[in-house]
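**Student:** Sharing target.txt, compact mmCIF, C-alpha atoms (C1' of nucleotides):
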```
# COMPACT_ATOMS: atom_id res chain seq x y z
CA MET A 190 14.39 51.12 -3.17
CA ASN A 191 12.92 49.50 -6.26
CA ASP A 192 16.48 49.36 -7.53
CA LYS A 193 16.72 45.58 -7.35
CA VAL A 194 16.27 43.20 -10.22
CA PRO A 195 13.66 40.55 -9.34
CA GLU A 196 15.29 37.32 -8.28
CA CYS A 197 12.74 35.31 -10.19
CA CYS A 198 13.30 34.06 -13.72
CA GLU A 199 10.69 36.36 -15.23
CA SER A 200 10.43 40.08 -15.68
CA VAL A 201 8.31 42.17 -13.35
CA GLU A 202 5.78 42.80 -16.12
CA VAL A 203 5.10 39.14 -16.82
CA HIS A 204 4.90 38.40 -13.14
CA GLU A 205 2.40 41.16 -12.50
CA ALA A 206 0.31 40.01 -15.45
CA LEU A 207 0.24 36.55 -13.91
CA VAL A 208 -0.83 37.86 -10.55
CA LYS A 209 -3.60 39.75 -12.34
CA ILE A 210 -4.81 36.53 -13.94
CA VAL A 211 -4.70 34.74 -10.63
CA ASN A 212 -6.66 37.47 -8.93
CA GLU A 213 -9.22 38.14 -11.65
CA LYS A 214 -9.85 34.96 -13.62
CA MET A 215 -9.44 32.31 -10.96
CA PRO A 216 -12.61 31.38 -9.06
CA PRO A 217 -12.67 32.23 -5.36
CA VAL A 218 -10.70 29.97 -3.04
CA GLU A 219 -13.80 28.43 -1.52
CA GLU A 220 -15.08 27.37 -4.93
CA LEU A 221 -11.71 25.80 -5.74
CA TYR A 222 -11.84 23.88 -2.49
CA ASN A 223 -15.31 22.60 -3.35
CA LEU A 224 -14.11 21.64 -6.80
CA ALA A 225 -11.18 19.68 -5.40
CA GLU A 226 -13.52 18.01 -2.89
CA LEU A 227 -15.79 16.94 -5.74
CA PHE A 228 -12.93 15.33 -7.65
CA LYS A 229 -11.71 13.60 -4.50
CA VAL A 230 -15.02 11.76 -4.56
CA PHE A 231 -14.19 10.39 -8.00
CA GLY A 232 -10.70 9.54 -6.80
CA ASP A 233 -11.52 6.21 -5.21
CA SER A 234 -12.02 3.01 -7.14
CA THR A 235 -14.73 1.71 -4.84
CA ARG A 236 -16.85 4.79 -5.47
CA ILE A 237 -16.07 4.60 -9.20
CA ARG A 238 -17.27 0.99 -9.22
CA ILE A 239 -20.45 1.95 -7.40
CA LEU A 240 -21.12 4.65 -10.00
CA PHE A 241 -20.56 2.19 -12.86
CA VAL A 242 -23.18 -0.12 -11.40
CA LEU A 243 -25.59 2.80 -10.99
CA PHE A 244 -25.00 3.72 -14.65
CA GLU A 245 -27.01 0.60 -15.46
CA ALA A 246 -29.68 0.40 -12.80
CA GLU A 247 -31.18 1.64 -9.56
CA VAL A 248 -29.76 -0.69 -6.92
CA CYS A 249 -30.20 -1.26 -3.19
CA VAL A 250 -27.30 -1.22 -0.74
CA CYS A 251 -27.39 -4.94 -0.17
CA ASP A 252 -27.08 -5.77 -3.87
CA LEU A 253 -24.33 -3.22 -4.36
CA ALA A 254 -22.35 -4.86 -1.59
CA SER A 255 -22.98 -8.27 -3.05
CA ALA A 256 -22.18 -7.30 -6.64
CA LEU A 257 -18.93 -5.60 -5.66
CA SER A 258 -17.95 -8.26 -3.10
CA MET A 259 -17.62 -5.75 -0.29
CA THR A 260 -19.17 -5.43 3.14
CA GLN A 261 -22.47 -3.59 3.50
CA SER A 262 -20.81 -1.20 5.91
CA ALA A 263 -18.07 -0.18 3.51
CA ILE A 264 -20.58 0.40 0.71
CA SER A 265 -22.84 2.37 3.02
CA HIS A 266 -20.00 4.64 4.07
CA GLN A 267 -19.11 5.35 0.45
CA LEU A 268 -22.73 5.91 -0.56
CA ARG A 269 -22.91 8.53 2.14
CA ILE A 270 -20.01 10.41 0.57
CA LEU A 271 -21.52 10.10 -2.91
CA LYS A 272 -24.81 11.45 -1.63
CA GLN A 273 -23.27 14.32 0.33
CA ASN A 274 -21.71 15.43 -2.93
CA LYS A 275 -25.00 15.03 -4.79
CA LEU A 276 -23.68 12.41 -7.18
CA VAL A 277 -26.37 9.91 -6.17
CA LYS A 278 -29.84 10.10 -4.69
CA ASN A 279 -31.83 7.48 -2.81
CA ARG A 280 -35.34 6.40 -1.93
CA ARG A 281 -36.56 3.95 0.66
CA GLU A 282 -38.77 1.05 -0.28
CA GLY A 283 -39.66 -0.96 2.77
CA LYS A 284 -36.53 -2.27 4.42
CA SER A 285 -34.37 -1.46 1.43
CA VAL A 286 -32.89 1.83 0.22
CA PHE A 287 -32.36 2.19 -3.51
CA TYR A 288 -29.63 4.39 -4.93
CA SER A 289 -29.42 5.95 -8.39
CA LEU A 290 -27.45 8.64 -10.20
CA ALA A 291 -28.32 12.21 -9.28
CA ASP A 292 -27.55 13.84 -12.63
CA ASP A 293 -25.64 13.48 -15.87
CA HIS A 294 -22.50 15.36 -14.89
CA VAL A 295 -21.34 12.12 -13.38
CA ARG A 296 -21.45 10.36 -16.72
CA THR A 297 -19.76 13.23 -18.54
CA ILE A 298 -16.95 13.58 -16.04
CA ILE A 299 -16.22 9.86 -15.99
CA ALA A 300 -16.47 9.64 -19.78
CA GLN A 301 -13.92 12.44 -20.15
CA GLY A 302 -11.66 10.76 -17.64
CA LEU A 303 -11.83 7.51 -19.56
CA GLU A 304 -11.08 9.31 -22.82
CA HIS A 305 -8.03 10.86 -21.23
CA ILE A 306 -6.49 7.67 -19.91
CA GLU A 307 -7.25 5.78 -23.11
CA GLU A 308 -5.19 8.19 -25.23
CA ASP A 309 -2.28 6.56 -27.05
CA MET B 211 -29.78 -27.68 -1.28
CA ASN B 212 -30.91 -24.63 -3.21
CA ASP B 213 -33.90 -24.70 -0.90
CA LYS B 214 -32.90 -21.46 0.84
CA VAL B 215 -34.31 -18.06 0.14
CA PRO B 216 -31.46 -15.58 -0.43
CA GLU B 217 -30.82 -13.54 2.67
CA CYS B 218 -30.37 -10.42 0.61
CA CYS B 219 -33.17 -7.99 -0.11
CA GLU B 220 -33.34 -8.86 -3.78
CA SER B 221 -34.36 -11.95 -5.70
CA VAL B 222 -31.77 -14.29 -7.17
CA GLU B 223 -32.67 -13.13 -10.69
CA VAL B 224 -32.05 -9.45 -10.03
CA HIS B 225 -28.85 -10.23 -8.24
CA GLU B 226 -27.54 -12.38 -11.05
CA ALA B 227 -28.45 -9.70 -13.58
CA LEU B 228 -26.45 -7.24 -11.54
CA VAL B 229 -23.44 -9.51 -11.39
CA LYS B 230 -23.71 -9.85 -15.16
CA ILE B 231 -23.60 -6.08 -15.55
CA VAL B 232 -20.65 -5.84 -13.23
CA ASN B 233 -18.79 -8.52 -15.13
CA GLU B 234 -19.63 -7.44 -18.66
CA LYS B 235 -20.15 -3.71 -18.76
CA MET B 236 -17.68 -2.51 -16.15
CA PRO B 237 -14.18 -1.74 -17.43
CA PRO B 238 -11.38 -3.99 -16.15
CA VAL B 239 -10.16 -3.37 -12.62
CA GLU B 240 -6.87 -1.92 -13.77
CA GLU B 241 -8.63 0.69 -15.88
CA LEU B 242 -10.83 1.65 -12.94
CA TYR B 243 -7.74 2.09 -10.81
CA ASN B 244 -6.18 4.33 -13.44
CA LEU B 245 -9.41 6.31 -13.65
CA ALA B 246 -9.50 6.83 -9.90
CA GLU B 247 -5.82 7.82 -9.95
CA LEU B 248 -6.58 10.43 -12.60
CA PHE B 249 -9.35 11.99 -10.54
CA LYS B 250 -7.15 11.99 -7.46
CA VAL B 251 -4.91 14.37 -9.36
CA PHE B 252 -7.81 16.80 -9.70
CA GLY B 253 -8.64 16.30 -6.03
CA ASP B 254 -6.18 18.80 -4.62
CA SER B 255 -6.73 22.54 -4.62
CA THR B 256 -3.08 23.35 -5.20
CA ARG B 257 -3.06 21.34 -8.42
CA ILE B 258 -6.42 22.85 -9.40
CA ARG B 259 -4.96 26.32 -8.91
CA ILE B 260 -1.91 25.43 -11.00
CA LEU B 261 -4.21 24.24 -13.79
CA PHE B 262 -6.24 27.44 -13.66
CA VAL B 263 -3.08 29.48 -14.15
CA LEU B 264 -2.06 27.26 -17.06
CA PHE B 265 -5.49 27.80 -18.61
CA GLU B 266 -4.31 31.34 -19.31
CA ALA B 267 -0.63 31.03 -20.14
CA GLU B 268 2.50 28.93 -20.38
CA VAL B 269 4.32 29.61 -17.12
CA CYS B 270 7.65 28.68 -15.56
CA VAL B 271 7.93 27.01 -12.15
CA CYS B 272 9.28 30.10 -10.45
CA ASP B 273 6.37 32.28 -11.55
CA LEU B 274 3.82 29.62 -10.62
CA ALA B 275 5.27 29.51 -7.13
CA SER B 276 5.24 33.27 -6.88
CA ALA B 277 1.73 33.68 -8.28
CA LEU B 278 0.29 31.06 -5.94
CA SER B 279 2.36 32.16 -2.92
CA MET B 280 3.85 28.73 -2.39
CA THR B 281 7.37 27.38 -2.22
CA GLN B 282 9.06 26.33 -5.44
CA SER B 283 9.53 22.85 -4.01
CA ALA B 284 5.85 22.33 -3.32
CA ILE B 285 4.94 23.51 -6.81
CA SER B 286 7.60 21.32 -8.36
CA HIS B 287 6.29 18.24 -6.55
CA GLN B 288 2.77 18.92 -7.77
CA LEU B 289 3.90 19.63 -11.33
CA ARG B 290 5.56 16.25 -11.32
CA ILE B 291 2.26 14.59 -10.47
CA LEU B 292 0.43 16.60 -13.12
CA LYS B 293 3.01 15.61 -15.72
CA GLN B 294 3.06 11.93 -14.77
CA ASN B 295 -0.66 11.92 -15.45
CA LYS B 296 -0.20 13.77 -18.73
CA LEU B 297 -2.25 16.76 -17.70
CA VAL B 298 0.63 19.16 -18.37
CA LYS B 299 3.72 19.16 -20.55
CA ASN B 300 6.92 21.14 -20.22
CA ARG B 301 9.84 22.52 -22.17
CA ARG B 302 13.13 23.89 -21.00
CA GLU B 303 14.29 27.34 -22.02
CA GLY B 304 17.65 28.07 -20.52
CA LYS B 305 17.48 27.88 -16.77
CA SER B 306 13.69 27.91 -16.72
CA VAL B 307 11.19 25.15 -17.41
CA PHE B 308 7.85 26.25 -18.82
CA TYR B 309 4.69 24.27 -18.18
CA SER B 310 1.47 24.23 -20.20
CA LEU B 311 -1.69 22.16 -20.54
CA ALA B 312 -1.25 18.81 -22.27
CA ASP B 313 -4.70 18.57 -23.81
CA ASP B 314 -8.29 19.78 -23.62
CA HIS B 315 -9.71 17.01 -21.45
CA VAL B 316 -8.43 19.02 -18.52
CA ARG B 317 -10.64 21.97 -19.40
CA THR B 318 -13.67 19.78 -20.04
CA ILE B 319 -13.35 17.83 -16.82
CA ILE B 320 -12.90 20.95 -14.71
CA ALA B 321 -15.73 22.72 -16.53
CA GLN B 322 -18.08 19.83 -15.80
CA GLY B 323 -16.98 19.79 -12.20
CA LEU B 324 -17.69 23.51 -11.88
CA GLU B 325 -21.11 23.05 -13.47
CA HIS B 326 -21.89 20.36 -10.96
CA ILE B 327 -21.00 22.31 -7.85
CA GLU B 328 -22.70 25.45 -9.15
CA GLU B 329 -26.07 23.72 -9.40
CA ASP B 330 -28.70 25.23 -7.14
C1' DT C 198 -44.53 -6.89 21.04
C1' DA C 199 -40.66 -9.52 19.68
C1' DA C 200 -37.68 -11.19 16.12
C1' DA C 201 -35.47 -10.73 11.69
C1' DC C 202 -33.65 -8.10 8.04
C1' DA C 203 -31.64 -3.83 5.72
C1' DT C 204 -29.14 0.18 6.36
C1' DA C 205 -26.51 3.85 8.94
C1' DT C 206 -22.76 5.29 11.75
C1' DG C 207 -19.03 6.12 15.53
C1' DA C 208 -14.44 4.59 16.77
C1' DA C 209 -10.11 2.60 15.59
C1' DT C 210 -6.50 1.21 12.51
C1' DA C 211 -3.70 1.18 8.42
C1' DA C 212 -2.49 3.42 4.38
C1' DT C 213 -2.05 7.42 1.51
C1' DT C 214 -0.54 12.07 0.70
C1' DG C 215 0.79 17.39 0.74
C1' DT C 216 4.22 20.23 2.45
C1' DT C 217 8.73 21.38 4.32
C1' DC C 218 13.62 20.92 4.58
C1' DA C 219 17.89 19.81 2.79
C1' DC C 220 20.32 18.88 -1.01
C1' DA C 221 21.13 17.30 -5.88
C1' DT C 222 21.04 18.50 -10.81
C1' DA C 223 21.03 21.70 -14.76
C1' DT C 224 22.02 25.88 -17.13
C1' DA C 225 24.06 30.49 -17.73
C1' DA C 226 27.17 34.09 -16.60
C1' DA C 227 31.50 35.76 -14.76
C1' DT D 152 36.10 26.57 -13.57
C1' DT D 153 33.61 28.99 -10.10
C1' DT D 154 29.27 31.29 -8.87
C1' DA D 155 24.50 32.17 -9.16
C1' DT D 156 19.92 30.99 -10.53
C1' DA D 157 16.12 27.64 -11.57
C1' DT D 158 14.30 23.25 -10.98
C1' DG D 159 14.00 18.33 -9.26
C1' DT D 160 13.69 15.06 -5.48
C1' DG D 161 14.35 11.95 -1.18
C1' DA D 162 13.09 11.80 3.70
C1' DA D 163 10.13 13.05 7.41
C1' DC D 164 6.03 14.79 9.56
C1' DA D 165 1.21 15.94 9.86
C1' DA D 166 -3.19 15.37 8.07
C1' DT D 167 -6.63 12.86 5.54
C1' DT D 168 -9.15 8.70 4.54
C1' DA D 169 -10.96 3.69 3.34
C1' DT D 170 -12.13 -0.25 5.65
C1' DT D 171 -13.45 -3.11 9.65
C1' DC D 172 -15.96 -3.97 13.83
C1' DA D 173 -19.57 -3.23 16.83
C1' DT D 174 -23.76 -1.31 17.39
C1' DA D 175 -27.77 1.76 16.51
C1' DT D 176 -31.85 2.91 13.67
C1' DG D 177 -35.69 1.79 10.71
C1' DT D 178 -38.98 -1.48 8.63
C1' DT D 179 -41.56 -5.75 8.09
C1' DT D 180 -43.41 -10.03 9.67
C1' DA D 181 -44.84 -13.38 13.05
```
Go through the file and emit its structure as C-alpha cells.

**Tutor:**
Amino acid sequence: MNDKVPECCESVEVHEALVKIVNEKMPPVEELYNLAELFKVFGDSTRIRILFVLFEAEVCVCDLASALSMTQSAISHQLRILKQNKLVKNRREGKSVFYSLADDHVRTIIAQGLEHIEED
Amino acid sequence: MNDKVPECCESVEVHEALVKIVNEKMPPVEELYNLAELFKVFGDSTRIRILFVLFEAEVCVCDLASALSMTQSAISHQLRILKQNKLVKNRREGKSVFYSLADDHVRTIIAQGLEHIEED
DNA sequence: TAAACATATGAATAATTGTTCACATATAAA
DNA sequence: TTTATATGTGAACAATTATTCATATGTTTA
C-alpha cells in the first residue's frame, strides 16, 4: 500500500498542508454556520431597506411599513429576524414599538458591501 | 377632505420626513438588490469555508473539494457563484484551475461579521 | 369594560437555492 | 488520435424562505 500516486491534481504534500490549514486556521463549524446565518440576514432587500431607514432614525413598525410601502405583517416578520440576529433593538412606547440599530457593525458591513459592488 | 387624522401611529410630519429620507438618502432599488445579492453569496457555509481556505492560499478546484470533503461538482458550482460576484478570480495552469481572492473587501466583510457574532 | 389601534405570529403558498447525477468541455500524456 | 485527468454545467430534487392572510396579544381611550 501507499504505492499509488494521488488521483488529485496536487501532490500529497500540498494537499496535506491544505488539510492542516483547514483544520487549524478555520473557525469551528458552528461558528461558520452562525457567520453564514448572519450574512443571510443581509441577503434580503427588504431587510436592507429597513436597515437604511434605521440608519437615519428610530422608527416605529407602522411608519416603516408605510415608508417602504409594505404590509405591517411583512415588516414585523423581518424585524423579528433582524432582532434575533441582534442587528436592531426595540423599545415600546405606548401602543407603538420603535426600532433602531443595535450596533455599528451593521453600518460597516453594509458600507463594505456597497464599496465592493461599486468597484469599476 | 384632509380633515382626517392619519390612522398610523405617527404624525403626518414625521411620516413625510421619513418618506423624504427613503426617497433621497436610500440608494436606488437596483443597487439595493445588488447589495442583497452580494450578501446572499456570503450566506452559505460552503462558500464561507471556500473563502477561508482561499484566505491562506491559491488553491485548485480538486484540492478545495478534497480539503472540504465535498464533491468537485458542488465546489465548482459554488466557485462559479463566487466568481460571478467578483469575490474570487481564477487562472488556468494546465489541467487545473487555481482560485484566489479577488480583493480585500472579502476579508473585511467576513472580519466584521465575525466581530458581530463574537460579541458577548 | 368595551372599542380602537399597533404589533406579533402561526399556517400556507410561491419562489429561491444547494447538492447530486450525468455528461460536456478542456488539457495533457501516451 | 485515443485515453486519462480536471473542471464546468444543465436538470431534478429537497430544503429554505419571504409574503399574505387570519388572528392573537398588548396598550390606550371612551

**Student:** Could I get chain A fitted onto chain B (least squares, all C-alpha atoms, in order) as an mmCIF file with C-alpha atoms, in the frame of the given file?

**Tutor:**
```cif
data_model
loop_
_atom_site.group_PDB
_atom_site.id
_atom_site.type_symbol
_atom_site.label_atom_id
_atom_site.label_comp_id
_atom_site.auth_asym_id
_atom_site.auth_seq_id
_atom_site.Cartn_x
_atom_site.Cartn_y
_atom_site.Cartn_z
ATOM 1 C CA MET A 190 -29.249 -27.603 -1.333
ATOM 2 C CA ASN A 191 -30.508 -24.586 -3.243
ATOM 3 C CA ASP A 192 -33.500 -24.731 -0.933
ATOM 4 C CA LYS A 193 -32.650 -21.506 0.871
ATOM 5 C CA VAL A 194 -34.143 -18.130 0.179
ATOM 6 C CA PRO A 195 -31.376 -15.562 -0.422
ATOM 7 C CA GLU A 196 -30.737 -13.489 2.661
ATOM 8 C CA CYS A 197 -30.361 -10.368 0.586
ATOM 9 C CA CYS A 198 -33.201 -7.948 -0.061
ATOM 10 C CA GLU A 199 -33.435 -8.797 -3.749
ATOM 11 C CA SER A 200 -34.474 -11.855 -5.667
ATOM 12 C CA VAL A 201 -31.891 -14.188 -7.143
ATOM 13 C CA GLU A 202 -32.798 -13.062 -10.662
ATOM 14 C CA VAL A 203 -32.153 -9.382 -10.036
ATOM 15 C CA HIS A 204 -28.954 -10.178 -8.229
ATOM 16 C CA GLU A 205 -27.646 -12.334 -11.044
ATOM 17 C CA ALA A 206 -28.548 -9.654 -13.573
ATOM 18 C CA LEU A 207 -26.514 -7.196 -11.529
ATOM 19 C CA VAL A 208 -23.534 -9.488 -11.389
ATOM 20 C CA LYS A 209 -23.808 -9.824 -15.166
ATOM 21 C CA ILE A 210 -23.675 -6.052 -15.546
ATOM 22 C CA VAL A 211 -20.711 -5.835 -13.235
ATOM 23 C CA ASN A 212 -18.862 -8.514 -15.129
ATOM 24 C CA GLU A 213 -19.721 -7.437 -18.665
ATOM 25 C CA LYS A 214 -20.218 -3.678 -18.768
ATOM 26 C CA MET A 215 -17.748 -2.500 -16.165
ATOM 27 C CA PRO A 216 -14.239 -1.749 -17.446
ATOM 28 C CA PRO A 217 -11.458 -3.993 -16.163
ATOM 29 C CA VAL A 218 -10.228 -3.367 -12.632
ATOM 30 C CA GLU A 219 -6.923 -1.936 -13.783
ATOM 31 C CA GLU A 220 -8.669 0.673 -15.913
ATOM 32 C CA LEU A 221 -10.869 1.650 -12.967
ATOM 33 C CA TYR A 222 -7.788 2.060 -10.821
ATOM 34 C CA ASN A 223 -6.221 4.310 -13.448
ATOM 35 C CA LEU A 224 -9.424 6.299 -13.667
ATOM 36 C CA ALA A 225 -9.534 6.821 -9.912
ATOM 37 C CA GLU A 226 -5.845 7.798 -9.958
ATOM 38 C CA LEU A 227 -6.584 10.406 -12.617
ATOM 39 C CA PHE A 228 -9.359 11.979 -10.558
ATOM 40 C CA LYS A 229 -7.164 11.963 -7.462
ATOM 41 C CA VAL A 230 -4.928 14.349 -9.372
ATOM 42 C CA PHE A 231 -7.822 16.779 -9.715
ATOM 43 C CA GLY A 232 -8.656 16.274 -6.055
ATOM 44 C CA ASP A 233 -6.187 18.761 -4.638
ATOM 45 C CA SER A 234 -6.722 22.493 -4.612
ATOM 46 C CA THR A 235 -3.073 23.309 -5.196
ATOM 47 C CA ARG A 236 -3.060 21.302 -8.413
ATOM 48 C CA ILE A 237 -6.419 22.815 -9.405
ATOM 49 C CA ARG A 238 -4.951 26.288 -8.904
ATOM 50 C CA ILE A 239 -1.921 25.399 -10.996
ATOM 51 C CA LEU A 240 -4.207 24.210 -13.799
ATOM 52 C CA PHE A 241 -6.245 27.430 -13.652
ATOM 53 C CA VAL A 242 -3.088 29.463 -14.136
ATOM 54 C CA LEU A 243 -2.050 27.239 -17.048
ATOM 55 C CA PHE A 244 -5.494 27.781 -18.608
ATOM 56 C CA GLU A 245 -4.303 31.320 -19.307
ATOM 57 C CA ALA A 246 -0.636 31.005 -20.143
ATOM 58 C CA GLU A 247 2.508 28.920 -20.370
ATOM 59 C CA VAL A 248 4.319 29.599 -17.103
ATOM 60 C CA CYS A 249 7.655 28.685 -15.533
ATOM 61 C CA VAL A 250 7.949 27.014 -12.137
ATOM 62 C CA CYS A 251 9.282 30.100 -10.443
ATOM 63 C CA ASP A 252 6.355 32.272 -11.535
ATOM 64 C CA LEU A 253 3.841 29.603 -10.606
ATOM 65 C CA ALA A 254 5.285 29.494 -7.115
ATOM 66 C CA SER A 255 5.243 33.250 -6.895
ATOM 67 C CA ALA A 256 1.725 33.673 -8.277
ATOM 68 C CA LEU A 257 0.284 31.050 -5.941
ATOM 69 C CA SER A 258 2.354 32.152 -2.926
ATOM 70 C CA MET A 259 3.837 28.711 -2.409
ATOM 71 C CA THR A 260 7.366 27.375 -2.217
ATOM 72 C CA GLN A 261 9.109 26.326 -5.421
ATOM 73 C CA SER A 262 9.549 22.861 -3.980
ATOM 74 C CA ALA A 263 5.866 22.327 -3.304
ATOM 75 C CA ILE A 264 4.935 23.505 -6.800
ATOM 76 C CA SER A 265 7.608 21.318 -8.348
ATOM 77 C CA HIS A 266 6.328 18.252 -6.536
ATOM 78 C CA GLN A 267 2.793 18.898 -7.756
ATOM 79 C CA LEU A 268 3.915 19.611 -11.315
ATOM 80 C CA ARG A 269 5.576 16.230 -11.298
ATOM 81 C CA ILE A 270 2.269 14.562 -10.467
ATOM 82 C CA LEU A 271 0.431 16.584 -13.116
ATOM 83 C CA LYS A 272 3.008 15.593 -15.697
ATOM 84 C CA GLN A 273 3.052 11.912 -14.749
ATOM 85 C CA ASN A 274 -0.666 11.909 -15.436
ATOM 86 C CA LYS A 275 -0.191 13.745 -18.729
ATOM 87 C CA LEU A 276 -2.250 16.749 -17.700
ATOM 88 C CA VAL A 277 0.631 19.148 -18.367
ATOM 89 C CA LYS A 278 3.728 19.144 -20.530
ATOM 90 C CA ASN A 279 6.931 21.142 -20.198
ATOM 91 C CA ARG A 280 9.857 22.516 -22.150
ATOM 92 C CA ARG A 281 13.149 23.904 -20.954
ATOM 93 C CA GLU A 282 14.301 27.345 -21.959
ATOM 94 C CA GLY A 283 17.673 28.084 -20.471
ATOM 95 C CA LYS A 284 17.503 27.884 -16.707
ATOM 96 C CA SER A 285 13.727 27.905 -16.673
ATOM 97 C CA VAL A 286 11.195 25.153 -17.379
ATOM 98 C CA PHE A 287 7.855 26.233 -18.792
ATOM 99 C CA TYR A 288 4.692 24.257 -18.158
ATOM 100 C CA SER A 289 1.479 24.235 -20.189
ATOM 101 C CA LEU A 290 -1.672 22.151 -20.534
ATOM 102 C CA ALA A 291 -1.246 18.804 -22.255
ATOM 103 C CA ASP A 292 -4.704 18.550 -23.821
ATOM 104 C CA ASP A 293 -8.276 19.765 -23.624
ATOM 105 C CA HIS A 294 -9.695 17.007 -21.448
ATOM 106 C CA VAL A 295 -8.431 19.010 -18.530
ATOM 107 C CA ARG A 296 -10.627 21.952 -19.416
ATOM 108 C CA THR A 297 -13.668 19.775 -20.061
ATOM 109 C CA ILE A 298 -13.352 17.828 -16.839
ATOM 110 C CA ILE A 299 -12.896 20.945 -14.729
ATOM 111 C CA ALA A 300 -15.714 22.735 -16.554
ATOM 112 C CA GLN A 301 -18.075 19.841 -15.831
ATOM 113 C CA GLY A 302 -16.988 19.811 -12.219
ATOM 114 C CA LEU A 303 -17.690 23.511 -11.906
ATOM 115 C CA GLU A 304 -21.104 23.074 -13.515
ATOM 116 C CA HIS A 305 -21.914 20.381 -11.001
ATOM 117 C CA ILE A 306 -21.027 22.333 -7.888
ATOM 118 C CA GLU A 307 -22.715 25.477 -9.174
ATOM 119 C CA GLU A 308 -26.101 23.747 -9.474
ATOM 120 C CA ASP A 309 -28.829 25.290 -7.326
#
```

**Student:** Using only C-alpha atoms, find which residues of chain A lie within 8 Å of chain B and jot them down as a PDB file with C-alpha atoms, in the frame of the given file.

**Tutor:**
```pdb
ATOM      1  CA  CYS A 197      12.740  35.310 -10.190  1.00  0.00           C
ATOM      2  CA  CYS A 198      13.300  34.060 -13.720  1.00  0.00           C
ATOM      3  CA  GLU A 199      10.690  36.360 -15.230  1.00  0.00           C
ATOM      4  CA  HIS A 204       4.900  38.400 -13.140  1.00  0.00           C
ATOM      5  CA  LEU A 207       0.240  36.550 -13.910  1.00  0.00           C
ATOM      6  CA  VAL A 208      -0.830  37.860 -10.550  1.00  0.00           C
ATOM      7  CA  ILE A 210      -4.810  36.530 -13.940  1.00  0.00           C
ATOM      8  CA  VAL A 211      -4.700  34.740 -10.630  1.00  0.00           C
ATOM      9  CA  MET A 215      -9.440  32.310 -10.960  1.00  0.00           C
ATOM     10  CA  LEU A 221     -11.710  25.800  -5.740  1.00  0.00           C
ATOM     11  CA  TYR A 222     -11.840  23.880  -2.490  1.00  0.00           C
ATOM     12  CA  ASN A 223     -15.310  22.600  -3.350  1.00  0.00           C
ATOM     13  CA  LEU A 224     -14.110  21.640  -6.800  1.00  0.00           C
ATOM     14  CA  ALA A 225     -11.180  19.680  -5.400  1.00  0.00           C
ATOM     15  CA  GLU A 226     -13.520  18.010  -2.890  1.00  0.00           C
ATOM     16  CA  LEU A 227     -15.790  16.940  -5.740  1.00  0.00           C
ATOM     17  CA  PHE A 228     -12.930  15.330  -7.650  1.00  0.00           C
ATOM     18  CA  LYS A 229     -11.710  13.600  -4.500  1.00  0.00           C
ATOM     19  CA  VAL A 230     -15.020  11.760  -4.560  1.00  0.00           C
ATOM     20  CA  PHE A 231     -14.190  10.390  -8.000  1.00  0.00           C
ATOM     21  CA  GLY A 232     -10.700   9.540  -6.800  1.00  0.00           C
ATOM     22  CA  ASP A 233     -11.520   6.210  -5.210  1.00  0.00           C
ATOM     23  CA  SER A 234     -12.020   3.010  -7.140  1.00  0.00           C
ATOM     24  CA  ILE A 237     -16.070   4.600  -9.200  1.00  0.00           C
ATOM     25  CA  ARG A 238     -17.270   0.990  -9.220  1.00  0.00           C
ATOM     26  CA  PHE A 241     -20.560   2.190 -12.860  1.00  0.00           C
ATOM     27  CA  VAL A 242     -23.180  -0.120 -11.400  1.00  0.00           C
ATOM     28  CA  GLU A 245     -27.010   0.600 -15.460  1.00  0.00           C
ATOM     29  CA  CYS A 249     -30.200  -1.260  -3.190  1.00  0.00           C
ATOM     30  CA  CYS A 251     -27.390  -4.940  -0.170  1.00  0.00           C
ATOM     31  CA  ASP A 252     -27.080  -5.770  -3.870  1.00  0.00           C
ATOM     32  CA  ALA A 256     -22.180  -7.300  -6.640  1.00  0.00           C
ATOM     33  CA  LEU A 257     -18.930  -5.600  -5.660  1.00  0.00           C
ATOM     34  CA  SER A 285     -34.370  -1.460   1.430  1.00  0.00           C
ATOM     35  CA  HIS A 294     -22.500  15.360 -14.890  1.00  0.00           C
ATOM     36  CA  THR A 297     -19.760  13.230 -18.540  1.00  0.00           C
ATOM     37  CA  ILE A 298     -16.950  13.580 -16.040  1.00  0.00           C
ATOM     38  CA  GLN A 301     -13.920  12.440 -20.150  1.00  0.00           C
ATOM     39  CA  GLY A 302     -11.660  10.760 -17.640  1.00  0.00           C
ATOM     40  CA  LEU A 303     -11.830   7.510 -19.560  1.00  0.00           C
ATOM     41  CA  GLU A 304     -11.080   9.310 -22.820  1.00  0.00           C
ATOM     42  CA  HIS A 305      -8.030  10.860 -21.230  1.00  0.00           C
ATOM     43  CA  ILE A 306      -6.490   7.670 -19.910  1.00  0.00           C
TER      44      ILE A 306
END
```

**Student:** Kindly indicate which residue among C:DT222, C:DT213, C:DT204, C:DT198 lies nearest to chain A, using all atoms listed in the file for the distances.

**Tutor:**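 Smallest distance to chain A is found for C:DT204.
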
**Student:** At what distance in Å, to one decimal, does CA of Glu282 in chain A lie from CA of Glu247 in chain A?

**Tutor:**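 Going from CA of Glu247 in chain A over to CA of Glu282 in chain A covers 12.0 Å.
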
**Student:** Hey, could you make a per-residue contact list for chain C against chain A with 9 Å as the cut-off, showing the nearest pair of atoms and its distance in Å to one decimal, counting all atoms listed in the file, sorted by chain and number, as CSV?

**Tutor:**
```
residue,atom,partner,partner_atom,distance
C:DC202,C1',A:Lys284,CA,7.4
C:DA203,C1',A:Lys284,CA,5.3
C:DT204,C1',A:Ser285,CA,7.4
C:DA205,C1',A:Ser265,CA,7.1
C:DT206,C1',A:His266,CA,8.2
```

**Student:** Got a sec to check which residues sit within 12 Å of (-4.0, 16.7, 7.5), counting all atoms listed in the file, and write them as a list in words?

**Tutor:**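 Protein and nucleic acid residues near the point are DT213, DT214, DG215 and DT216 of chain C; DC164, DA165, DA166, DT167 and DT168 of chain D.
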
**Student:** To one decimal in Å, tell me the separation between CA of Ile270 in chain A and C1' of DA208 in chain C.

**Tutor:** 18.1 Å

**Student:** Take CA of Lys272 in chain A and CA of Leu292 in chain B and report the distance between them in Å, one decimal.

**Tutor:**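 Result for CA of Lys272 in chain A versus CA of Leu292 in chain B: 28.2 Å, one decimal.
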
**Student:** May I have the protein, DNA and RNA residues with any atom at most 9 Å from the point (21.5, 16.3, -4.3), counting only C-alpha atoms (C1' of nucleotides), written as a PyMOL selection string?

**Tutor:** (chain C and resi 219-222) or (chain D and resi 160-161)
